[in-house]
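Okay, so here's the structure we're looking at.
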Amino acid sequence: MNLAFLFGSFIALLILGMPIVFAMALSSVAFLVLFAPGIPLTVIPHQMVAGVDNFPLLAIPFFFLAGELMNEVGITQRLVEFAAAIVGHIRGGLAYVVIVTNVIMAGFSGTALADASATGSVLIPAMKRQGYDADFSAAITAAAATIGPIIPPSIPMIIYAVVAEVSVGSLFLAGVIPGLLMGGYLCIVTYFVSRRRKYPVAERSTLRRLGAATRRAIWALMAPVIILGGILSGVVTATEAGVLAVVYSLFVGFAIHRELHVRDLPGIFCRTAVGTAVIMIIVGASGIMGWLVANMKIGEAVLNGVSALTQNPTMILLLMNIFFLIVGCLMDPLAGMLIFVPVFLPLIKHVHIDPVHFGLVVVLNLMIGLLTPPVGYLLFLSAEMANVSIDAVIREVIPLLAALLFVLALSTYWPSMVMLVPNLFAGVR
């Protein structure tokens with residue numbers, strides 16, 4: 001009954017339209033008042049502060065700031081030109097450009113919505129001008145943006161690493177191969193769609209044009225290499241890599257491209273503060289609910305209940321996939337992770353599933369959820385940029401969604417593939 005009240009009241013408040021932060025906090029407070037009157041309410045601010053008092057979370061504002069700085073200095077346009085020089089001559093070339101650009105941007109962004117906004121604002125109008133269907137342009141932009149939080153760095157992975165107490169660096173590396181596979185399978189779907197609809201073919205780039213595009217984009221291309229290389233070499237931790245990304249972005253903006261000015265910094269800092277605050281307040285509010293979940297021993301109850309049905313890791317992973325896909329459809333990804341990962345961790349450890357592997361699976365599930373209604377942040381954002389109905393985008397995103405679900409299946413049931421890079425660099429922090 002206690003469990004039903006806690007999660008039931010939380011879901012009811014969400015249905016009523018209350019912001020997820022307040023829904024988590026109020027349902028937790030109501031539970032304390034009704035079912036645990038002996039516990040002082042001072043535990044609420046204490047647990048909220050404890051929720052955000054974690055060193056790896058320092059990486060979030062730094063990666064946010066690095067992404068804002070990169071976008072401010074025209075990185076997106078340079079990457080688009082570079083990608084167009086490589087794949088623009090293929091039929092449906094601009095759709096491939098969307099995918100390739102998102103794969104590269106994933107190496108220094110870490111957020112799906114930021115990637116969709118940056119690439120969509122440049123490429124969706126260009127695709128529409130060249131005769132691509134507006135709904136497909138929106139769909140491929142939304143689907144490709146899910147790669148951002150899978151290829152390191154990744155803000156959702158930082159959150160999972162804090163909750164599950166695993167290495168941020170190992171979790172980052174676990175996303176390398178699945179992220180590249182996501183781009184590859186999206187390209188396969190794009191190939192068939194482009195051939196069937198006879199999307200335009202651009203002129204093949206000359207070596208001179210390719211060289212010029214590479215020179216213009218070289219500093220952007222170096223950003224993922226420096227960030228990931230610093231982590232792999234052990235020179236910096238994943239958290240310190242965020243600082244490295246900011247320093248590099250400032251250097252490129254002021255000294256190389258010279259498109260960043262001191263007057264731009266207040267606005268950049270403000271957007272970074274707002275974006276970070278949104279995440280941190282969700283983390284803080286979830287600290288209360290997480291504390292209740294731990295003290296009510298809900299994880300042990302789930303372990304006992306599921307163990308009575310099956311202890312087969314394959315079946316348990318299937319159940320986890322179904323559950324987190326549904327959560328991704330209905331809830332903000334970070335909130336879903338913060339609330340439910342602590343519930344299932346005892347079960348995952350009991351059946352000897354690697355928490356790093358499980359973390360990649362959870363994040364991938366929740367990123368796919370960004371493409372599904374009713375929440376579907378990426379759907380709504382891309383539909384708005386393309387000025388088309390959400391229904392039209394949903395129809396176009398279905399085959400792309402199928403490709404991402406195939407990558408999810410591979411990542412779930414081929415753990416050695418996911419863990420290949422982390423195991424090669426076992427000492428990464």
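Every chain in the structure tokens takes a letter, A first, then B, and so on in the order presented; its residues are numbered from 1, and the ligands are numbered from 1 following the presented order.
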
Task: Exercise: Thr237 in chain A partners within 9 Å, only C-alpha atoms, chain neighbours under 3 positions left out, as a ChimeraX atom specification - done: /A:168-169,230-232,234,240-242,428-429

TODO: Excluding Ile316 in chain A and any residue of its chain fewer than 2 positions from it, enumerate the residues within 12 Å of it, using only C-alpha atoms, and give them as a VMD selection string.
DONE: chain A and resid 302 to 303 305 to 314 318 to 323 344 to 345 347 to 353 358 412 to 413

Emit the selected residues as an mmCIF file, in the first residue's frame, including N, CA and C atoms.
```cif
data_model
loop_
_atom_site.group_PDB
_atom_site.id
_atom_site.type_symbol
_atom_site.label_atom_id
_atom_site.label_comp_id
_atom_site.auth_asym_id
_atom_site.auth_seq_id
_atom_site.Cartn_x
_atom_site.Cartn_y
_atom_site.Cartn_z
ATOM 1 N N VAL A 302 11.248 -5.798 -5.241
ATOM 2 C CA VAL A 302 11.267 -6.088 -6.674
ATOM 3 C C VAL A 302 12.132 -7.315 -6.954
ATOM 4 N N LEU A 303 13.292 -7.395 -6.281
ATOM 5 C CA LEU A 303 14.175 -8.548 -6.438
ATOM 6 C C LEU A 303 13.449 -9.832 -6.088
ATOM 7 N N GLY A 305 10.180 -10.366 -5.903
ATOM 8 C CA GLY A 305 9.035 -10.609 -6.773
ATOM 9 C C GLY A 305 9.433 -11.150 -8.133
ATOM 10 N N VAL A 306 10.438 -10.529 -8.756
ATOM 11 C CA VAL A 306 10.860 -10.974 -10.081
ATOM 12 C C VAL A 306 11.583 -12.311 -9.993
ATOM 13 N N SER A 307 12.377 -12.495 -8.933
ATOM 14 C CA SER A 307 13.098 -13.764 -8.774
ATOM 15 C C SER A 307 12.140 -14.937 -8.645
ATOM 16 N N ALA A 308 10.975 -14.691 -8.087
ATOM 17 C CA ALA A 308 9.984 -15.754 -7.979
ATOM 18 C C ALA A 308 9.451 -16.170 -9.346
ATOM 19 N N LEU A 309 9.500 -15.232 -10.299
ATOM 20 C CA LEU A 309 9.017 -15.540 -11.650
ATOM 21 C C LEU A 309 10.133 -16.098 -12.528
ATOM 22 N N THR A 310 11.292 -15.434 -12.511
ATOM 23 C CA THR A 310 12.412 -15.872 -13.338
ATOM 24 C C THR A 310 13.701 -15.263 -12.810
ATOM 25 N N GLN A 311 14.787 -16.029 -12.984
ATOM 26 C CA GLN A 311 16.121 -15.493 -12.694
ATOM 27 C C GLN A 311 16.988 -15.545 -13.949
ATOM 28 N N ASN A 312 16.314 -15.699 -15.091
ATOM 29 C CA ASN A 312 17.016 -15.753 -16.365
ATOM 30 C C ASN A 312 17.385 -14.324 -16.786
ATOM 31 N N PRO A 313 18.684 -14.003 -16.901
ATOM 32 C CA PRO A 313 19.075 -12.634 -17.273
ATOM 33 C C PRO A 313 18.481 -12.170 -18.602
ATOM 34 N N THR A 314 18.322 -13.103 -19.541
ATOM 35 C CA THR A 314 17.751 -12.734 -20.836
ATOM 36 C C THR A 314 16.327 -12.234 -20.689
ATOM 37 N N LEU A 318 14.783 -8.368 -21.094
ATOM 38 C CA LEU A 318 13.611 -8.102 -21.938
ATOM 39 C C LEU A 318 12.565 -7.306 -21.172
ATOM 40 N N LEU A 319 12.303 -7.711 -19.925
ATOM 41 C CA LEU A 319 11.345 -6.981 -19.092
ATOM 42 C C LEU A 319 11.814 -5.554 -18.829
ATOM 43 N N MET A 320 13.111 -5.383 -18.596
ATOM 44 C CA MET A 320 13.652 -4.045 -18.357
ATOM 45 C C MET A 320 13.505 -3.161 -19.594
ATOM 46 N N ASN A 321 13.747 -3.749 -20.775
ATOM 47 C CA ASN A 321 13.587 -2.981 -22.005
ATOM 48 C C ASN A 321 12.144 -2.514 -22.188
ATOM 49 N N ILE A 322 11.223 -3.412 -21.987
ATOM 50 C CA ILE A 322 9.809 -3.047 -22.138
ATOM 51 C C ILE A 322 9.440 -1.961 -21.143
ATOM 52 N N PHE A 323 9.886 -2.128 -19.906
ATOM 53 C CA PHE A 323 9.540 -1.163 -18.861
ATOM 54 C C PHE A 323 10.113 0.219 -19.178
ATOM 55 N N PHE A 344 15.658 -1.065 -9.557
ATOM 56 C CA PHE A 344 16.020 -2.299 -10.242
ATOM 57 C C PHE A 344 17.484 -2.707 -10.061
ATOM 58 N N LEU A 345 18.310 -1.854 -9.510
ATOM 59 C CA LEU A 345 19.730 -2.199 -9.369
ATOM 60 C C LEU A 345 19.980 -3.464 -8.548
ATOM 61 N N LEU A 347 18.179 -6.090 -8.308
ATOM 62 C CA LEU A 347 17.849 -7.215 -9.175
ATOM 63 C C LEU A 347 18.935 -7.435 -10.220
ATOM 64 N N ILE A 348 19.401 -6.360 -10.838
ATOM 65 C CA ILE A 348 20.418 -6.457 -11.886
ATOM 66 C C ILE A 348 21.706 -7.064 -11.328
ATOM 67 N N LYS A 349 22.100 -6.621 -10.152
ATOM 68 C CA LYS A 349 23.320 -7.158 -9.540
ATOM 69 C C LYS A 349 23.130 -8.617 -9.121
ATOM 70 N N HIS A 350 21.921 -8.965 -8.686
ATOM 71 C CA HIS A 350 21.649 -10.329 -8.234
ATOM 72 C C HIS A 350 21.807 -11.345 -9.364
ATOM 73 N N VAL A 351 21.402 -10.965 -10.573
ATOM 74 C CA VAL A 351 21.500 -11.899 -11.710
ATOM 75 C C VAL A 351 22.794 -11.680 -12.498
ATOM 76 N N HIS A 352 23.726 -10.897 -11.917
ATOM 77 C CA HIS A 352 25.072 -10.719 -12.466
ATOM 78 C C HIS A 352 25.082 -10.041 -13.844
ATOM 79 N N ILE A 353 24.211 -9.084 -14.027
ATOM 80 C CA ILE A 353 24.268 -8.224 -15.208
ATOM 81 C C ILE A 353 25.178 -7.049 -14.871
ATOM 82 N N PHE A 358 24.049 -2.451 -18.251
ATOM 83 C CA PHE A 358 22.652 -2.101 -17.966
ATOM 84 C C PHE A 358 22.430 -0.595 -18.127
ATOM 85 N N THR A 412 21.521 -4.982 -26.019
ATOM 86 C CA THR A 412 20.993 -5.706 -24.870
ATOM 87 C C THR A 412 21.545 -7.117 -24.794
ATOM 88 N N TYR A 413 21.544 -7.809 -25.922
ATOM 89 C CA TYR A 413 21.866 -9.235 -25.905
ATOM 90 C C TYR A 413 23.252 -9.563 -26.462
#
```

- [ ] Go through A:Ile390, A:Val162, A:Leu113, A:Val341 one by one, measure the shortest atom-to-atom distance of each to Pro149 in chain A using only C-alpha atoms, and give the residue with the smallest value.
- [x]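 Between A:Ile390, A:Val162, A:Leu113, A:Val341, the residue approaching Pro149 in chain A most closely is A:Leu113.
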
Give me the residues of range 265-363 of chain A that have any atom at most 9 Å from an atom of range 20-23 of chain A; for each, the nearest atom pair and the distance in Å, rounded to one decimal. Use only C-alpha atoms, sort by chain and number, and format it as a tab-separated table.
```
residue	atom	partner	partner_atom	distance
A:Ile281	CA	A:Val21	CA	7.0
A:Ile282	CA	A:Val21	CA	5.5
A:Val283	CA	A:Val21	CA	8.8
A:Gly284	CA	A:Val21	CA	8.7
A:Ala285	CA	A:Val21	CA	6.0
A:Ser286	CA	A:Val21	CA	7.9
A:Met331	CA	A:Ile20	CA	8.3
A:Asp332	CA	A:Ile20	CA	7.9
A:Ala335	CA	A:Ile20	CA	7.6
```

Residues of range 79-133 of chain A that approach range 51-66 of chain A to 12 Å or less, counting only C-alpha atoms: could you list each one with the shortest pair of atoms and its distance in Å to one decimal, rows by chain and increasing residue number, as JSON lines?
```
{"residue": "A:Met105", "atom": "CA", "partner": "A:Ala66", "partner_atom": "CA", "distance": 11.4}
{"residue": "A:Ala106", "atom": "CA", "partner": "A:Phe63", "partner_atom": "CA", "distance": 11.2}
{"residue": "A:Gly107", "atom": "CA", "partner": "A:Phe63", "partner_atom": "CA", "distance": 10.5}
{"residue": "A:Phe108", "atom": "CA", "partner": "A:Ala66", "partner_atom": "CA", "distance": 7.3}
{"residue": "A:Ser109", "atom": "CA", "partner": "A:Phe63", "partner_atom": "CA", "distance": 6.6}
{"residue": "A:Gly110", "atom": "CA", "partner": "A:Phe63", "partner_atom": "CA", "distance": 7.2}
{"residue": "A:Thr111", "atom": "CA", "partner": "A:Phe64", "partner_atom": "CA", "distance": 8.3}
{"residue": "A:Ala112", "atom": "CA", "partner": "A:Phe64", "partner_atom": "CA", "distance": 11.7}
{"residue": "A:Leu113", "atom": "CA", "partner": "A:Phe64", "partner_atom": "CA", "distance": 11.7}
{"residue": "A:Ala114", "atom": "CA", "partner": "A:Phe64", "partner_atom": "CA", "distance": 9.3}
{"residue": "A:Asp115", "atom": "CA", "partner": "A:Phe64", "partner_atom": "CA", "distance": 11.6}
```

Task: Near-Arg78 in chain A list (12 Å; only C-alpha atoms; drop same-chain fewer than 5 positions) as a list in words - done: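 The neighbour list is Met70, Asn71, Glu72, Val73, Ala83, Ala84, Ala85, Val97, Thr101, Ile104, Met105, Ala118, Thr119, Val122, Leu210, Ala212, Ala213, Thr214, Arg215, Arg216, Ala217, Ile218, Trp219, Ala220, Leu221 and His257 of chain A.
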
Selection file, N, CA, C and O atoms, as a compact mmCIF listing (two decimals), in the first residue's frame:
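Okay, this is what ended up in part24.txt:
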```txt
# COMPACT_ATOMS: atom_id res chain seq x y z
N MET A 70 30.52 26.03 -28.34
CA MET A 70 30.74 25.47 -29.67
C MET A 70 29.68 25.96 -30.66
O MET A 70 29.99 26.30 -31.81
N ASN A 71 28.43 25.99 -30.22
CA ASN A 71 27.37 26.46 -31.11
C ASN A 71 27.51 27.94 -31.42
O ASN A 71 27.16 28.39 -32.52
N GLU A 72 28.01 28.71 -30.46
CA GLU A 72 28.13 30.15 -30.64
C GLU A 72 29.17 30.53 -31.69
O GLU A 72 29.05 31.56 -32.36
N VAL A 73 30.18 29.68 -31.85
CA VAL A 73 31.28 30.04 -32.77
C VAL A 73 31.12 29.39 -34.14
O VAL A 73 32.09 29.28 -34.90
N ALA A 83 30.47 17.47 -43.53
CA ALA A 83 29.69 16.26 -43.79
C ALA A 83 29.15 16.26 -45.22
O ALA A 83 29.11 15.22 -45.89
N ALA A 84 28.74 17.44 -45.71
CA ALA A 84 28.22 17.53 -47.08
C ALA A 84 29.30 17.20 -48.10
O ALA A 84 29.04 16.58 -49.14
N ALA A 85 30.54 17.60 -47.81
CA ALA A 85 31.64 17.31 -48.72
C ALA A 85 31.93 15.81 -48.78
O ALA A 85 32.43 15.32 -49.80
N VAL A 97 23.91 13.87 -44.26
CA VAL A 97 24.62 14.97 -43.60
C VAL A 97 24.09 15.17 -42.19
O VAL A 97 24.85 15.41 -41.24
N THR A 101 26.64 14.68 -39.12
CA THR A 101 26.85 15.85 -38.27
C THR A 101 26.51 15.54 -36.82
O THR A 101 27.23 15.94 -35.89
N ILE A 104 29.25 13.45 -35.13
CA ILE A 104 30.42 14.25 -34.74
C ILE A 104 30.09 15.14 -33.56
O ILE A 104 30.85 15.24 -32.59
N MET A 105 28.92 15.82 -33.62
CA MET A 105 28.54 16.73 -32.54
C MET A 105 28.35 15.99 -31.21
O MET A 105 28.54 16.57 -30.14
N ALA A 118 20.40 22.51 -32.97
CA ALA A 118 21.51 23.06 -33.75
C ALA A 118 21.49 22.58 -35.20
O ALA A 118 21.59 23.37 -36.14
N THR A 119 21.34 21.26 -35.40
CA THR A 119 21.37 20.73 -36.76
C THR A 119 20.08 21.03 -37.50
O THR A 119 20.09 21.32 -38.70
N VAL A 122 19.68 24.47 -39.17
CA VAL A 122 20.47 24.66 -40.38
C VAL A 122 19.98 23.77 -41.51
O VAL A 122 19.82 24.23 -42.66
N LEU A 210 36.76 19.36 -50.61
CA LEU A 210 36.85 18.53 -49.41
C LEU A 210 37.96 19.05 -48.50
O LEU A 210 37.79 19.11 -47.27
N ALA A 212 39.10 22.11 -48.32
CA ALA A 212 38.68 23.38 -47.73
C ALA A 212 37.70 23.16 -46.59
O ALA A 212 37.78 23.81 -45.54
N ALA A 213 36.75 22.24 -46.80
CA ALA A 213 35.76 21.95 -45.75
C ALA A 213 36.43 21.33 -44.53
O ALA A 213 36.06 21.63 -43.39
N THR A 214 37.43 20.50 -44.76
CA THR A 214 38.14 19.88 -43.65
C THR A 214 38.92 20.91 -42.85
O THR A 214 38.93 20.88 -41.62
N ARG A 215 39.57 21.83 -43.57
CA ARG A 215 40.32 22.88 -42.87
C ARG A 215 39.39 23.76 -42.03
O ARG A 215 39.74 24.14 -40.91
N ARG A 216 38.22 24.07 -42.57
CA ARG A 216 37.28 24.90 -41.81
C ARG A 216 36.73 24.17 -40.58
O ARG A 216 36.42 24.80 -39.57
N ALA A 217 36.61 22.84 -40.69
CA ALA A 217 35.99 22.07 -39.61
C ALA A 217 36.99 21.39 -38.69
O ALA A 217 36.59 20.73 -37.73
N ILE A 218 38.29 21.54 -38.97
CA ILE A 218 39.29 20.74 -38.26
C ILE A 218 39.25 20.95 -36.76
O ILE A 218 39.39 20.00 -35.98
N TRP A 219 39.00 22.19 -36.30
CA TRP A 219 38.99 22.43 -34.86
C TRP A 219 37.76 21.82 -34.22
O TRP A 219 37.81 21.38 -33.06
N ALA A 220 36.67 21.77 -34.95
CA ALA A 220 35.47 21.10 -34.44
C ALA A 220 35.69 19.59 -34.39
O ALA A 220 35.28 18.91 -33.44
N LEU A 221 36.36 19.05 -35.41
CA LEU A 221 36.62 17.61 -35.46
C LEU A 221 37.59 17.17 -34.38
O LEU A 221 37.55 16.02 -33.92
N HIS A 257 38.74 30.84 -34.43
CA HIS A 257 37.66 31.35 -35.29
C HIS A 257 37.40 32.83 -35.08
O HIS A 257 36.89 33.50 -35.98
```

TODO: Kindly indicate which residue among A:Ala277, A:Ile99, A:Ala386, A:Ile394 lies nearest to Ile147 in chain A, using only C-alpha atoms for the distances.
DONE: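 Among the listed residues, A:Ile99 lies closest to Ile147 in chain A.
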
TODO: Could you check which of A:Asp391, A:Glu396, A:Glu259, A:Glu384 is closest to Ile75 in chain A, using only C-alpha atoms?
DONE: A:Glu259

Open item on the list: Restricting the calculation to only C-alpha atoms: of A:Ile11, A:Ile288, A:Leu207, A:Met296, which residue gets closest to Val43 in chain A?
Closed with: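 Using only C-alpha atoms, Val43 in chain A sits closest to A:Ile288.
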
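Counting only C-alpha atoms, Ala138 in chain A has the following residues at most 9 Å away, ignoring those fewer than 3 positions along the same chain: Gly120, Ile124, Asp133, Ala134, Asp135, Thr141, Ala142, Ala143, Leu379, Leu381, Ser382, Ala383, Glu384, Met385, Ala386, Asn387, Val388, Val393, Glu396 and Val397 of chain A.
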
Pull all heavy atoms from the residues just selected and write them as a tab-separated table (two decimals), in the first residue's frame.
```tsv
chain	number	residue	atom	x	y	z
A	120	GLY	N	18.95	20.94	-36.80
A	120	GLY	CA	17.66	21.17	-37.45
A	120	GLY	C	17.50	22.58	-37.96
A	120	GLY	O	16.96	22.80	-39.05
A	124	ILE	N	17.10	21.47	-41.76
A	124	ILE	CA	15.70	21.29	-42.16
A	124	ILE	C	15.28	22.29	-43.23
A	124	ILE	O	14.69	21.90	-44.26
A	124	ILE	CB	14.76	21.34	-40.93
A	124	ILE	CG1	14.95	20.07	-40.08
A	124	ILE	CG2	13.31	21.48	-41.35
A	124	ILE	CD1	14.09	20.04	-38.82
A	133	ASP	N	10.83	15.87	-48.39
A	133	ASP	CA	9.58	16.01	-47.65
A	133	ASP	C	9.86	16.63	-46.30
A	133	ASP	O	10.78	16.21	-45.59
A	133	ASP	CB	8.90	14.65	-47.47
A	133	ASP	CG	8.52	14.03	-48.80
A	133	ASP	OD1	7.87	14.72	-49.60
A	133	ASP	OD2	8.90	12.86	-49.04
A	134	ALA	N	9.04	17.60	-45.91
A	134	ALA	CA	9.27	18.30	-44.65
A	134	ALA	C	9.15	17.35	-43.46
A	134	ALA	O	9.91	17.45	-42.49
A	134	ALA	CB	8.28	19.45	-44.51
A	135	ASP	N	8.18	16.41	-43.53
A	135	ASP	CA	8.00	15.49	-42.39
A	135	ASP	C	9.17	14.53	-42.27
A	135	ASP	O	9.60	14.20	-41.16
A	135	ASP	CB	6.67	14.74	-42.50
A	135	ASP	CG	6.39	14.22	-43.89
A	135	ASP	OD1	7.27	14.35	-44.77
A	135	ASP	OD2	5.29	13.68	-44.13
A	141	THR	N	16.00	14.34	-38.48
A	141	THR	CA	16.67	15.22	-37.52
A	141	THR	C	16.44	14.74	-36.10
A	141	THR	O	17.37	14.70	-35.28
A	141	THR	CB	16.14	16.66	-37.68
A	141	THR	OG1	16.43	17.12	-39.01
A	141	THR	CG2	16.78	17.59	-36.66
A	142	ALA	N	15.20	14.37	-35.78
A	142	ALA	CA	14.88	13.90	-34.44
A	142	ALA	C	15.57	12.58	-34.13
A	142	ALA	O	16.15	12.40	-33.05
A	142	ALA	CB	13.36	13.75	-34.29
A	143	ALA	N	15.53	11.64	-35.08
A	143	ALA	CA	16.13	10.32	-34.84
A	143	ALA	C	17.64	10.42	-34.68
A	143	ALA	O	18.23	9.78	-33.80
A	143	ALA	CB	15.78	9.39	-36.00
A	379	LEU	N	10.32	14.84	-31.15
A	379	LEU	CA	9.26	14.91	-32.17
A	379	LEU	C	8.68	16.32	-32.26
A	379	LEU	O	8.54	16.89	-33.34
A	379	LEU	CB	8.15	13.91	-31.86
A	379	LEU	CG	8.43	12.43	-32.05
A	379	LEU	CD1	7.20	11.62	-31.68
A	379	LEU	CD2	8.82	12.15	-33.49
A	381	LEU	N	9.92	19.18	-31.13
A	381	LEU	CA	10.90	20.18	-31.52
A	381	LEU	C	11.13	20.16	-33.03
A	381	LEU	O	11.11	21.21	-33.69
A	381	LEU	CB	12.22	19.93	-30.78
A	381	LEU	CG	13.39	20.84	-31.16
A	381	LEU	CD1	13.07	22.30	-30.85
A	381	LEU	CD2	14.66	20.40	-30.43
A	382	SER	N	11.35	18.98	-33.60
A	382	SER	CA	11.63	18.89	-35.03
A	382	SER	C	10.39	19.24	-35.86
A	382	SER	O	10.51	19.87	-36.92
A	382	SER	CB	12.13	17.48	-35.39
A	382	SER	OG	11.16	16.50	-35.07
A	383	ALA	N	9.20	18.86	-35.39
A	383	ALA	CA	7.97	19.21	-36.11
A	383	ALA	C	7.78	20.72	-36.15
A	383	ALA	O	7.36	21.28	-37.17
A	383	ALA	CB	6.77	18.54	-35.45
A	384	GLU	N	8.10	21.37	-35.05
A	384	GLU	CA	7.97	22.83	-35.01
A	384	GLU	C	8.97	23.49	-35.96
A	384	GLU	O	8.62	24.44	-36.68
A	384	GLU	CB	8.21	23.33	-33.58
A	384	GLU	CG	8.08	24.83	-33.43
A	384	GLU	CD	8.31	25.30	-32.00
A	384	GLU	OE1	8.41	24.44	-31.10
A	384	GLU	OE2	8.41	26.52	-31.80
A	385	MET	N	10.21	22.99	-36.00
A	385	MET	CA	11.20	23.58	-36.89
A	385	MET	C	10.84	23.37	-38.36
A	385	MET	O	11.13	24.21	-39.21
A	385	MET	CB	12.59	23.00	-36.59
A	385	MET	CG	13.19	23.47	-35.28
A	385	MET	SD	14.94	22.99	-35.09
A	385	MET	CE	14.78	21.21	-34.90
A	386	ALA	N	10.20	22.23	-38.67
A	386	ALA	CA	9.82	21.94	-40.05
A	386	ALA	C	8.44	22.47	-40.41
A	386	ALA	O	8.03	22.40	-41.58
A	386	ALA	CB	9.85	20.43	-40.28
A	387	ASN	N	7.73	22.97	-39.40
A	387	ASN	CA	6.38	23.51	-39.61
A	387	ASN	C	5.44	22.46	-40.20
A	387	ASN	O	4.72	22.71	-41.18
A	387	ASN	CB	6.43	24.75	-40.52
A	387	ASN	CG	5.14	25.55	-40.46
A	387	ASN	OD1	4.41	25.51	-39.46
A	387	ASN	ND2	4.83	26.28	-41.52
A	388	VAL	N	5.44	21.27	-39.61
A	388	VAL	CA	4.55	20.19	-40.03
A	388	VAL	C	3.84	19.63	-38.79
A	388	VAL	O	4.23	19.91	-37.66
A	388	VAL	CB	5.31	19.05	-40.73
A	388	VAL	CG1	5.87	19.53	-42.06
A	388	VAL	CG2	6.43	18.51	-39.85
A	393	VAL	N	5.14	13.59	-38.69
A	393	VAL	CA	6.50	13.23	-38.27
A	393	VAL	C	6.50	11.82	-37.67
A	393	VAL	O	7.43	11.04	-37.91
A	393	VAL	CB	7.04	14.26	-37.26
A	393	VAL	CG1	8.46	13.88	-36.82
A	393	VAL	CG2	7.05	15.65	-37.86
A	396	GLU	N	6.68	9.21	-40.35
A	396	GLU	CA	7.99	9.13	-40.98
A	396	GLU	C	9.06	8.54	-40.06
A	396	GLU	O	10.05	7.97	-40.52
A	396	GLU	CB	8.43	10.52	-41.44
A	396	GLU	CG	7.62	11.09	-42.58
A	396	GLU	CD	7.90	10.37	-43.89
A	396	GLU	OE1	8.95	9.70	-44.00
A	396	GLU	OE2	7.07	10.48	-44.81
A	397	VAL	N	8.88	8.69	-38.76
A	397	VAL	CA	9.92	8.25	-37.82
A	397	VAL	C	9.84	6.75	-37.55
A	397	VAL	O	10.81	6.18	-37.01
A	397	VAL	CB	9.81	9.05	-36.50
A	397	VAL	CG1	8.87	8.38	-35.50
A	397	VAL	CG2	11.18	9.26	-35.86
```

Task: Gap from CA of Leu6 in chain A to CA of Met48 in chain A - Å, one decimal - done: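 Straight-line distance from CA of Leu6 in chain A to CA of Met48 in chain A works out to 17.2 Å.
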
TODO: Identify which of the residues A:Ile227, A:Ala426, A:Ile155, A:Leu360 lies closest to Ser411 in chain A, counting only C-alpha atoms when measuring atom-to-atom distances.
DONE: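 Of A:Ile227, A:Ala426, A:Ile155, A:Leu360, the one nearest Ser411 in chain A is A:Leu360, counting only C-alpha atoms.
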
Open item on the list: What's around Tyr96 in chain A at 7 Å? Count only C-alpha atoms, leave out sequence neighbours fewer than 3 positions away in its own chain, and write the answer as number ranges by chain.
Closed with: A: 87, 92-93, 99-100, 187

Export of prior selection with C-alpha atoms as an mmCIF file, in the first residue's frame:
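This is the output file selection_27.cif:
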```
data_model
loop_
_atom_site.group_PDB
_atom_site.id
_atom_site.type_symbol
_atom_site.label_atom_id
_atom_site.label_comp_id
_atom_site.auth_asym_id
_atom_site.auth_seq_id
_atom_site.Cartn_x
_atom_site.Cartn_y
_atom_site.Cartn_z
ATOM 1 C CA VAL A 87 28.363 12.247 -48.208
ATOM 2 C CA GLY A 92 19.428 11.865 -50.311
ATOM 3 C CA GLY A 93 22.760 13.379 -49.328
ATOM 4 C CA ILE A 99 23.307 11.811 -39.387
ATOM 5 C CA VAL A 100 27.051 12.384 -39.833
ATOM 6 C CA CYS A 187 21.982 5.544 -42.863
#
```

Task: Residues of range 63-281 of chain A in helix (DSSP H, G or I), written as a PyMOL selection string - done: chain A and resi 63-72+75-87+93-105+112-129+134-145+155-164+168-174+176-197+207-233+238-256+262-281

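Picture a line from CA of Val418 in chain A to CA of Thr372 in chain A; it runs 24.5 Å.
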